[in-house]
>>> print(open('run32.txt').read())   # compact mmCIF, C-alpha atoms
# COMPACT_ATOMS: atom_id res chain seq x y z
CA ILE A 279 5.11 -16.15 -2.51
CA TYR A 280 1.92 -16.13 -4.56
CA THR A 281 0.84 -19.46 -6.05
CA LEU A 282 -2.23 -20.71 -7.86
CA SER A 283 -4.92 -22.39 -5.80
CA LEU A 284 -7.12 -25.22 -7.01
CA HIS A 285 -9.95 -22.69 -7.39
CA ASP A 286 -8.07 -20.47 -9.84
CA ALA A 287 -8.42 -20.90 -13.57
CA LEU A 288 -5.03 -21.65 -15.07
CA PRO A 289 -3.76 -18.77 -17.22
CA ILE A 290 -3.39 -19.40 -20.91
CA TYR A 291 -0.52 -16.90 -21.15
CA GLU A 292 3.11 -17.76 -20.57
CA LEU A 293 5.21 -14.59 -20.95
CA ILE A 294 4.77 -11.19 -19.33
CA VAL A 295 6.96 -8.13 -19.85
CA PHE A 296 7.12 -5.14 -17.50
CA LEU A 297 8.05 -2.20 -19.71
CA LEU A 298 9.20 0.71 -17.54
CA ASN A 299 10.75 4.10 -18.21
CA PHE A 300 12.75 3.97 -14.96
CA THR A 301 14.53 1.55 -12.67
CA PRO A 302 11.73 -0.53 -11.03
CA PRO A 303 10.41 1.23 -7.89
CA PRO A 304 9.00 -0.71 -4.90
CA ARG A 305 5.44 -0.64 -6.25
CA MET A 306 6.42 -2.26 -9.55
CA ILE A 307 8.69 -4.75 -7.80
CA LYS A 308 5.61 -5.91 -5.88
CA ARG A 309 3.80 -6.52 -9.18
CA ILE A 310 6.82 -8.31 -10.63
CA ARG A 311 7.02 -10.63 -7.63
CA VAL A 312 3.37 -11.62 -8.05
CA ALA A 313 3.69 -12.13 -11.79
CA LYS A 314 6.82 -14.27 -11.67
CA GLU A 315 4.96 -16.92 -9.67
CA ILE A 316 2.54 -17.32 -12.59
CA PHE A 317 4.39 -16.38 -15.78
CA GLU A 318 7.86 -16.33 -17.23
CA THR A 319 8.68 -12.73 -16.43
CA PHE A 320 10.84 -10.15 -18.18
CA VAL A 321 11.59 -6.57 -17.13
CA ILE A 322 12.68 -3.96 -19.66
CA PHE A 323 13.58 -0.70 -17.95
CA TRP A 324 15.21 2.61 -18.78
CA ASP A 325 18.10 3.69 -16.58
CA LYS A 326 18.51 7.43 -17.20
CA GLY A 327 21.89 7.55 -15.47
CA GLY A 328 23.05 9.55 -12.50
CA ASP A 329 22.30 6.72 -10.08
CA ASP A 330 25.52 5.74 -8.34
CA LYS A 331 23.79 3.03 -6.32
CA PHE A 332 22.04 1.24 -9.19
CA ASP A 333 21.59 -2.43 -8.40
CA TYR A 334 18.29 -3.94 -9.50
CA HIS A 335 18.34 -7.74 -9.66
CA GLU A 336 15.27 -9.89 -9.05
CA SER A 337 15.66 -13.65 -8.89
CA GLY A 338 13.50 -15.63 -11.31
CA VAL A 339 13.20 -12.65 -13.65
CA THR A 340 15.04 -11.75 -16.87
CA ASN A 341 16.13 -8.11 -16.80
CA HIS A 342 16.96 -5.91 -19.76
CA ARG A 343 18.47 -2.58 -18.73
CA ILE A 344 18.51 0.21 -21.32
CA LEU A 345 21.12 2.71 -20.17
CA ILE A 346 20.61 6.01 -21.99
CA PRO A 347 21.35 9.22 -20.02
CA ALA A 348 18.49 11.72 -20.07
CA ASN A 349 17.14 14.81 -18.33
CA ARG A 350 14.70 13.63 -15.67
CA ASN A 351 12.99 16.98 -15.17
CA ASN A 352 12.38 18.28 -18.68
CA PRO A 353 10.21 16.08 -20.96
CA VAL A 354 11.03 18.20 -24.03
CA LYS A 355 14.77 17.62 -23.56
CA ARG A 356 13.96 13.94 -23.09
CA ILE A 357 12.22 13.48 -26.45
CA LEU A 358 15.21 12.18 -28.45
CA PRO A 359 16.43 9.79 -25.70
CA THR A 360 12.84 8.56 -25.33
CA LEU A 361 12.64 7.73 -29.04
CA ASN A 362 15.92 5.85 -28.78
CA VAL A 363 14.67 3.87 -25.77
CA GLN A 364 11.40 3.06 -27.53
CA ARG A 365 13.31 1.72 -30.52
CA LYS A 366 15.49 -0.53 -28.35
CA ALA A 367 12.48 -1.68 -26.33
CA MET A 368 10.59 -2.60 -29.49
CA THR A 369 13.49 -4.76 -30.64
CA LEU A 370 13.49 -6.56 -27.29
CA LEU A 371 9.72 -7.08 -27.40
CA LYS A 372 9.97 -8.62 -30.86
CA ASN A 373 12.56 -11.06 -29.55
CA ILE A 374 10.65 -11.96 -26.37
CA ARG A 375 7.17 -12.15 -27.98
CA PRO A 376 5.20 -11.55 -24.74
CA ASP A 377 1.59 -12.48 -24.14
CA ILE A 378 1.12 -9.57 -21.72
CA ILE A 379 2.86 -6.19 -21.47
CA HIS A 380 2.52 -4.21 -18.23
CA VAL A 381 3.52 -0.55 -18.62
CA GLN A 382 3.61 2.48 -16.37
CA SER A 383 3.92 5.78 -18.21
CA TYR A 384 2.70 7.30 -21.44
CA ASP A 385 6.14 6.80 -23.04
CA MET A 386 6.06 3.04 -22.69
CA LEU A 387 2.37 2.82 -23.57
CA GLU A 388 3.36 4.20 -26.97
CA THR A 389 5.77 1.31 -27.45
CA ALA A 390 3.38 -1.36 -26.17
CA TYR A 391 0.57 0.01 -28.35
CA ARG A 392 2.78 -0.03 -31.43
CA TYR A 393 3.88 -3.59 -30.66
CA ARG A 394 0.30 -4.80 -30.36
CA LYS A 395 -0.82 -2.96 -33.47
CA THR A 396 2.04 -4.01 -35.75
CA VAL A 397 3.43 -7.27 -34.30
CA ASP A 398 0.94 -9.19 -32.15
CA LYS A 399 -2.70 -8.05 -32.03
CA ASN A 400 -3.45 -10.72 -29.37
CA CYS A 401 -0.96 -9.35 -26.83
CA LYS A 402 -2.73 -8.01 -23.74
CA LEU A 403 -1.85 -4.54 -22.41
CA ILE A 404 -1.88 -3.36 -18.78
CA TYR A 405 -1.57 0.39 -18.20
CA GLU A 406 -0.73 1.37 -14.61
CA VAL A 407 -1.18 4.98 -13.50
CA PRO A 408 0.39 6.09 -10.17
CA ASP A 409 0.65 9.66 -11.46
CA ILE A 410 -0.81 11.63 -14.33
CA HIS A 411 1.78 13.72 -16.12
CA SER A 412 1.02 17.44 -16.35
CA TYR A 413 1.02 17.13 -20.16
CA LEU A 414 -2.07 14.90 -19.81
CA THR A 415 -3.95 17.07 -17.30
CA GLU A 416 -5.60 20.50 -17.49
CA ASP A 417 -2.41 22.18 -16.24
CA THR A 418 -1.63 25.16 -18.48
CA HIS A 419 1.52 25.17 -20.61
CA PRO A 420 3.26 27.81 -22.74
CA PHE A 421 3.66 27.49 -26.51
CA PRO A 422 4.81 25.11 -27.99
CA VAL A 423 4.46 22.74 -24.99
CA ASN A 424 0.68 23.26 -25.12
CA LEU A 425 0.66 21.71 -28.60
CA ILE A 426 2.63 18.70 -27.37
CA SER A 427 0.17 18.36 -24.48
CA ARG A 428 -2.83 18.33 -26.83
CA ARG A 429 -1.23 15.65 -28.98
CA PHE A 430 -0.42 13.49 -25.95
CA LYS A 431 -4.00 13.70 -24.70
CA ARG A 432 -5.38 12.61 -28.09
CA ARG A 433 -2.86 9.80 -28.33
CA GLU A 434 -3.59 8.49 -24.84
CA LYS A 435 -7.29 8.15 -25.64
CA MET A 436 -6.54 6.41 -28.92
CA MET A 437 -4.06 3.99 -27.33
CA GLY A 438 -6.47 3.38 -24.47
CA SER A 439 -8.73 1.53 -26.88
CA MET A 440 -6.20 -1.31 -26.84
CA VAL A 441 -5.66 -1.39 -23.06
CA ASP A 442 -7.10 -4.51 -21.42
CA LEU A 443 -6.54 -3.51 -17.79
CA LEU A 444 -6.15 -0.02 -16.32
CA ILE A 445 -4.61 0.10 -12.82
CA LEU A 446 -5.08 3.26 -10.73
CA THR A 447 -3.43 4.01 -7.37
CA SER A 448 -5.91 6.82 -6.61
CA MET A 449 -9.60 6.84 -7.45
CA GLN A 450 -9.32 10.57 -8.08
CA PHE A 451 -7.54 9.60 -11.30
CA TRP A 452 -10.72 7.97 -12.61
CA PRO A 453 -12.39 11.21 -13.85
CA HIS A 454 -9.46 11.54 -16.25
CA PHE A 455 -10.50 8.24 -17.89
CA GLU A 456 -14.21 7.78 -17.24
CA ASN A 457 -15.46 9.40 -20.45
CA TRP A 458 -13.43 7.15 -22.72
CA PHE A 459 -12.44 3.98 -20.83
CA PRO A 460 -14.76 1.17 -19.63
CA LYS A 461 -14.90 0.96 -15.83
CA GLU A 462 -15.11 -2.83 -15.81
CA LYS A 463 -11.52 -2.87 -17.11
CA MET A 464 -10.27 -0.64 -14.29
CA LEU A 465 -8.66 -1.89 -11.07
CA PHE A 466 -7.91 0.29 -8.04
CA LEU A 467 -4.75 -0.82 -6.22
CA PRO A 468 -3.73 1.48 -3.36
CA ASN A 469 0.03 1.96 -3.11
CA ILE A 470 0.34 0.00 0.13
CA PRO A 471 3.93 -1.16 0.66
CA ASP A 472 5.02 -4.74 1.12
CA LEU A 473 4.63 -4.74 4.89
CA SER A 474 7.07 -7.63 5.27
CA HIS A 475 9.84 -5.04 4.83
CA PHE A 476 8.71 -3.47 8.13
CA SER A 477 8.89 -6.68 10.18
CA ASP A 478 11.76 -5.31 12.32
CA TYR A 479 10.28 -1.82 12.64
CA GLU A 480 9.11 -2.10 16.25
CA ASN A 481 12.48 -3.40 17.44
CA LEU A 482 14.33 -0.73 15.48
CA ARG A 483 12.02 1.88 16.97
CA LEU A 484 13.15 0.97 20.48
CA SER A 485 16.53 2.56 19.77
CA LYS A 486 14.96 5.86 18.65
CA THR A 487 16.35 8.75 20.69
CA ALA A 488 15.86 12.51 20.76
CA PRO A 489 15.82 14.94 19.09
CA PHE A 490 12.53 15.21 17.21
CA THR A 491 13.14 14.11 13.61
CA VAL A 492 11.25 14.96 10.43
CA GLY A 493 11.64 12.46 7.60
CA TYR A 494 11.52 13.14 3.86
CA ILE A 495 11.84 9.62 2.50
CA GLY A 496 11.56 9.00 -1.23
CA GLY A 497 12.65 10.83 -4.37
CA LEU A 498 14.00 14.24 -3.36
CA ARG A 499 11.82 16.39 -5.60
CA TYR A 500 9.66 19.49 -5.12
CA LEU A 501 12.62 21.68 -4.28
CA GLU A 502 10.66 24.75 -3.15
CA GLU A 503 8.55 22.81 -0.64
CA LEU A 504 11.65 21.20 0.81
CA LYS A 505 13.35 24.60 1.10
CA LEU A 506 10.37 25.84 3.12
CA LEU A 507 10.70 22.86 5.45
CA VAL A 508 14.40 23.53 5.98
CA ALA A 509 13.62 27.18 6.77
CA ALA A 510 10.89 26.12 9.22
CA MET A 511 13.35 23.90 11.10
CA GLU A 512 16.13 26.46 11.40
CA GLY A 513 16.91 27.23 15.01
CA GLU A 514 14.71 24.47 16.44
CA ASN A 515 15.91 21.42 18.32
CA MET A 516 15.01 19.08 15.46
CA ARG A 517 16.72 16.98 12.84
CA LEU A 518 15.80 16.49 9.19
CA LEU A 519 16.35 13.08 7.64
CA MET A 520 16.52 13.08 3.83
CA ALA A 521 16.68 9.77 2.03
CA GLY A 522 16.10 9.16 -1.66
CA PHE A 523 17.44 9.76 -5.12
CA GLU A 524 18.24 13.38 -5.92
CA ASP A 525 18.64 14.52 -9.52
CA GLY A 526 21.46 16.92 -8.75
CA HIS A 527 23.26 17.75 -5.52
CA TYR A 528 21.41 20.69 -3.94
CA PHE A 529 20.34 18.89 -0.77
CA LYS A 530 23.54 16.91 -0.50
CA ASP A 531 25.44 20.20 -0.45
CA LEU A 532 22.91 21.76 1.92
CA ALA A 533 23.36 18.90 4.39
CA GLU A 534 27.06 19.76 4.56
CA GLU A 535 26.15 23.34 5.51
CA LYS A 536 23.33 22.56 7.96
CA ASP A 537 24.30 20.41 10.90
CA PHE A 538 20.67 19.41 11.58
CA ILE A 539 20.27 17.59 8.24
CA ASP A 540 21.12 13.90 7.87
CA TYR A 541 21.43 13.09 4.16
CA TYR A 542 21.28 9.42 3.12
CA GLY A 543 20.82 9.73 -0.64
CA LYS A 544 19.46 6.81 -2.62
CA PHE A 545 18.73 3.69 -0.60
CA PHE A 546 17.63 0.10 -1.22
CA TYR A 547 13.98 -0.06 -0.22
CA ASP A 548 13.80 -3.66 0.97
CA ASP A 549 16.88 -3.30 3.19
CA SER A 550 16.49 0.24 4.54
CA ILE A 551 12.89 1.46 4.61
CA ALA A 552 12.11 0.19 8.12
CA SER A 553 15.30 1.56 9.68
CA LEU A 554 14.75 4.97 8.06
CA TYR A 555 11.18 5.27 9.32
CA ALA A 556 12.30 4.10 12.76
CA LYS A 557 14.49 7.20 13.03
CA CYS A 558 11.57 9.60 12.41
CA ASP A 559 8.83 11.24 14.44
CA VAL A 560 6.98 12.89 11.54
CA ILE A 561 6.85 12.24 7.78
CA TYR A 562 6.92 15.20 5.38
CA SER A 563 4.83 14.85 2.22
CA ILE A 564 4.08 18.43 1.15
CA TYR A 565 4.30 18.76 -2.63
CA ASP A 566 3.45 21.47 -5.16
CA ALA A 567 -0.37 21.52 -5.04
CA SER A 568 -0.57 23.90 -8.01
CA LYS A 569 -0.07 20.75 -10.12
CA LYS A 570 -3.17 18.73 -10.87
CA ASN A 571 -1.45 15.39 -10.28
CA VAL A 572 -0.35 16.41 -6.78
CA ARG A 573 -3.92 17.39 -5.95
CA ILE A 574 -5.33 13.96 -6.83
CA ALA A 575 -2.53 11.41 -6.20
CA LEU A 576 -2.06 9.22 -3.12
CA PRO A 577 1.65 8.57 -2.47
CA ASN A 578 3.05 5.53 -0.72
CA LYS A 579 4.15 7.78 2.18
CA LEU A 580 0.52 7.89 3.33
CA TYR A 581 0.40 4.14 3.86
CA GLU A 582 3.96 3.82 5.14
CA SER A 583 3.45 6.54 7.77
CA VAL A 584 0.15 5.03 8.94
CA HIS A 585 1.69 1.55 9.21
CA CYS A 586 4.55 3.04 11.25
CA HIS A 587 2.15 5.09 13.42
CA LEU A 588 3.84 8.37 12.45
CA PRO A 589 1.94 11.62 11.78
CA ILE A 590 2.25 12.95 8.24
CA MET A 591 2.44 16.53 6.95
CA VAL A 592 0.66 17.09 3.62
CA ALA A 593 -0.37 19.92 1.30
CA LYS A 594 -3.75 21.59 1.67
CA ASP A 595 -6.26 21.47 -1.20
CA THR A 596 -5.33 17.90 -2.13
CA TYR A 597 -7.10 14.55 -2.04
CA LEU A 598 -4.27 13.38 0.21
CA ALA A 599 -5.17 16.11 2.72
CA GLU A 600 -8.81 14.96 2.66
CA ILE A 601 -7.74 11.40 3.47
CA VAL A 602 -5.33 12.51 6.21
CA GLN A 603 -8.03 14.66 7.79
CA ASP A 604 -10.65 11.92 7.52
CA TRP A 605 -8.33 9.36 9.11
CA GLY A 606 -6.99 11.89 11.62
CA VAL A 607 -3.38 10.90 11.01
CA GLY A 608 -1.64 14.20 10.32
CA ILE A 609 -1.85 17.88 9.45
CA ALA A 610 -2.07 19.97 6.27
CA ALA A 611 -0.48 23.28 5.29
CA LYS A 612 -0.38 25.44 2.16
CA HIS A 613 2.45 24.10 0.03
CA ASN A 614 3.85 27.57 -0.72
CA ASN A 615 3.33 29.21 2.68
CA GLY A 616 6.34 28.98 4.94
CA GLU A 617 4.46 30.32 7.95
CA GLU A 618 1.76 27.64 7.66
CA ILE A 619 4.36 24.89 7.24
CA LYS A 620 6.18 26.20 10.31
CA ALA A 621 2.94 26.34 12.33
CA ALA A 622 1.95 22.80 11.31
CA LEU A 623 5.39 21.49 12.19
CA MET A 624 5.42 23.22 15.57
CA LYS A 625 1.96 21.88 16.40
CA LEU A 626 3.23 18.35 15.93
CA TYR A 627 6.40 19.19 17.82
CA LYS A 628 4.94 21.00 20.84
CA ASP A 629 1.30 19.89 21.12
CA ARG A 630 1.74 16.42 22.59
CA SER A 631 -1.99 15.74 22.80
CA PHE A 632 -2.41 16.42 19.08
CA TYR A 633 0.64 14.33 18.21
CA ASP A 634 -0.68 11.41 20.29
CA PHE A 635 -4.12 11.82 18.68
CA CYS A 636 -2.56 11.28 15.24
CA VAL A 637 -0.53 8.30 16.45
CA GLU A 638 -3.55 6.59 18.01
CA ASN A 639 -5.63 7.09 14.86
CA ALA A 640 -2.82 5.61 12.77
CA LYS A 641 -2.73 2.58 15.07
CA LYS A 642 -6.47 2.10 14.52
CA LYS A 643 -6.17 2.48 10.73
CA ALA A 644 -3.03 0.40 10.18
CA PRO A 645 -4.71 -3.04 10.45
CA GLU A 646 -6.91 -2.11 7.45
CA LEU A 647 -3.86 -1.80 5.21
CA SER A 648 -3.29 -5.13 3.52
CA SER A 649 -0.47 -5.59 1.04
CA GLU A 650 -1.62 -9.21 0.68
CA LYS A 651 -5.02 -8.07 -0.61
CA VAL A 652 -3.38 -5.75 -3.14
CA ALA A 653 -1.22 -8.62 -4.38
CA SER A 654 -4.22 -10.97 -4.51
CA ASP A 655 -6.38 -8.49 -6.45
CA TYR A 656 -3.61 -7.94 -9.00
CA ARG A 657 -2.97 -11.66 -9.34
CA LYS A 658 -6.63 -12.46 -9.96
CA ARG A 659 -6.99 -9.84 -12.67
CA ILE A 660 -3.87 -10.75 -14.64
CA ILE A 661 -4.94 -14.41 -14.58
CA GLN A 662 -8.34 -13.40 -15.98
CA LEU A 663 -6.97 -11.36 -18.90
>>> encode(input="run32.txt", output="structure tokens")
Amino acid sequence: IYTLSLHDALPIYELIVFLLNFTPPPRMIKRIRVAKEIFETFVIFWDKGGDDKFDYHESGVTNHRILIPANRNNPVKRILPTLNVQRKAMTLLKNIRPDIIHVQSYDMLETAYRYRKTVDKNCKLIYEVPDIHSYLTEDTHPFPVNLISRRFKRREKMMGSMVDLLILTSMQFWPHFENWFPKEKMLFLPNIPDLSHFSDYENLRLSKTAPFTVGYIGGLRYLEELKLLVAAMEGENMRLLMAGFEDGHYFKDLAEEKDFIDYYGKFFYDDSIASLYAKCDVIYSIYDASKKNVRIALPNKLYESVHCHLPIMVAKDTYLAEIVQDWGVGIAAKHNNGEEIKAALMKLYKDRSFYDFCVENAKKKAPELSSEKVASDYRKRIIQL
């Protein structure tokens, strides 16, 4: 619980809205839990459907769920549903009349910007960036997507003029903004999990038994990289644990064919994250490094794996690989090279001295990870808006 101290200036704002284009993930739930101790808090979020375990309810918060089915993987096919969501969200904002709007995603920034420009010019805007969409990076796109990309880039810069606080989860995102956004309004918040959810991890770990298990924990995306992992594990005395939302059923079906795959599907983070990590020996975080965002982002798996003292596999030619190498907590392989992925996996599996080296380095690094500091830094900045 985060409360005001006698040394904090009392905020002059009363209402904050989290405006999200997805069901709140763990990172945003952390923000919401800080904010609700200070402000009356509302969450407006887009449920795109296909989630048979949907159940987001946060005590002390007013939730508004906008259920409009949409294609999660194709932004062009998502244009009309997005416009519909933005219209509904604007109606809700007009009814709530927030003092602060915290968004994550270009889509919702459009709505928050329009609200501030046309309804309440004094409303403060927070723009959080855990990923930069390929439409906003230098990634190349075919016609007519390239035209959409150019428009989005122009719009983001224009809307950025009304952003009061920019939150980045990787400092490698900053070059994207530094030529048009003031640095004094930027806050770096690493995506360190709420470590209280891992309080039982050590006890759960005691029941870990053979065989060697590789964990892919989180949204089941980057299909090609996961296929290469499955191929690398064929015929070895290993198990693959897959846990997370899958847009489709490819891996669910694959798990029925491959007896070494344990498929959990979508899970509730607070209740299950520790038990899932306790079943693993290695965490797999190799994504498509041909995408600019993958090359510069820092996923929560980095911090989760370090806290759990588990080596992590990552893609070469990424900022994540630089961090993993610097900390000595894992191994990198080319994202599209099955032989390299196999070699990296086997090194962790068979070279006990290297595996132990990664574990010991993670144990040394883990105490530096402070979810309390992240919460405190966020709390201080939203109070100062």
>>> closest_residue(input="run32.txt", among="A:Leu403, A:Val652, A:Leu293, A:Ala599", to="Ser439 in chain A", atoms="all atoms listed in the file")
A:Leu403
>>> residues_around(input="run32.txt", residues="Ala575 in chain A", least_positions_apart="4", cutoff="7 Å", atoms="all atoms listed in the file", output="JSON list (two decimals) with C-alpha atoms, in the coordinates of the input")
[["chain", "number", "residue", "atom", "x", "y", "z"],
["A", 409, "ASP", "CA", 0.65, 9.66, -11.46],
["A", 448, "SER", "CA", -5.91, 6.82, -6.61],
["A", 571, "ASN", "CA", -1.45, 15.39, -10.28],
["A", 597, "TYR", "CA", -7.10, 14.55, -2.04],
["A", 598, "LEU", "CA", -4.27, 13.38, 0.21]]
>>> atom_distance(input="run32.txt", atom1="CA of Glu388 in chain A", atom2="CA of Thr418 in chain A")
23.2 Å
>>> closest_residue(input="run32.txt", among="A:Cys636, A:Leu588, A:Leu623, A:Leu482", to="Val508 in chain A", atoms="all atoms listed in the file")
A:Leu623
>>> residues_around(input="run32.txt", residues="range 350-359 of chain A", least_positions_apart="6", cutoff="12 Å", atoms="only C-alpha atoms", output="number ranges by chain")
A: 299-300, 324-329, 344, 365-366, 384-385, 411-413, 422-427, 497, 499-501, 523-526
>>> build_atoms(input="run32.txt", residues="range 310-330 of chain A", atoms="N, CA and C atoms", output="compact mmCIF listing (two decimals), in the frame of the given file")
# COMPACT_ATOMS: atom_id res chain seq x y z
N ILE A 310 5.93 -7.34 -10.00
CA ILE A 310 6.82 -8.31 -10.63
C ILE A 310 6.88 -9.60 -9.81
N ARG A 311 6.91 -9.44 -8.50
CA ARG A 311 7.02 -10.63 -7.63
C ARG A 311 5.75 -11.48 -7.65
N VAL A 312 4.62 -10.86 -7.87
CA VAL A 312 3.37 -11.62 -8.05
C VAL A 312 3.39 -12.33 -9.40
N ALA A 313 3.75 -11.59 -10.44
CA ALA A 313 3.69 -12.13 -11.79
C ALA A 313 4.65 -13.30 -12.00
N LYS A 314 5.82 -13.24 -11.39
CA LYS A 314 6.82 -14.27 -11.67
C LYS A 314 6.43 -15.64 -11.11
N GLU A 315 5.46 -15.65 -10.18
CA GLU A 315 4.96 -16.92 -9.67
C GLU A 315 3.97 -17.58 -10.62
N ILE A 316 3.55 -16.82 -11.65
CA ILE A 316 2.54 -17.32 -12.59
C ILE A 316 3.10 -17.44 -14.00
N PHE A 317 3.88 -16.45 -14.41
CA PHE A 317 4.39 -16.38 -15.78
C PHE A 317 5.91 -16.36 -15.82
N GLU A 318 6.46 -16.66 -16.98
CA GLU A 318 7.86 -16.33 -17.23
C GLU A 318 7.92 -14.81 -17.36
N THR A 319 8.76 -14.18 -16.58
CA THR A 319 8.68 -12.73 -16.43
C THR A 319 9.96 -12.03 -16.89
N PHE A 320 9.75 -10.97 -17.67
CA PHE A 320 10.84 -10.15 -18.18
C PHE A 320 10.60 -8.70 -17.73
N VAL A 321 11.68 -7.99 -17.47
CA VAL A 321 11.59 -6.57 -17.13
C VAL A 321 12.51 -5.79 -18.05
N ILE A 322 11.92 -4.88 -18.81
CA ILE A 322 12.68 -3.96 -19.66
C ILE A 322 12.56 -2.59 -19.02
N PHE A 323 13.69 -2.00 -18.63
CA PHE A 323 13.58 -0.70 -17.95
C PHE A 323 14.67 0.26 -18.42
N TRP A 324 14.32 1.53 -18.35
CA TRP A 324 15.21 2.61 -18.78
C TRP A 324 15.94 3.18 -17.57
N ASP A 325 17.25 3.06 -17.58
CA ASP A 325 18.10 3.69 -16.58
C ASP A 325 18.60 5.00 -17.20
N LYS A 326 18.17 6.12 -16.63
CA LYS A 326 18.51 7.43 -17.20
C LYS A 326 19.86 7.95 -16.73
N GLY A 327 20.57 7.15 -15.93
CA GLY A 327 21.89 7.55 -15.47
C GLY A 327 21.81 8.38 -14.21
N GLY A 328 22.98 8.72 -13.68
CA GLY A 328 23.05 9.55 -12.50
C GLY A 328 22.75 8.81 -11.21
N ASP A 329 22.67 7.51 -11.26
CA ASP A 329 22.30 6.72 -10.08
C ASP A 329 23.51 5.89 -9.66
N ASP A 330 24.28 6.41 -8.69
CA ASP A 330 25.52 5.74 -8.34
C ASP A 330 25.32 4.53 -7.45
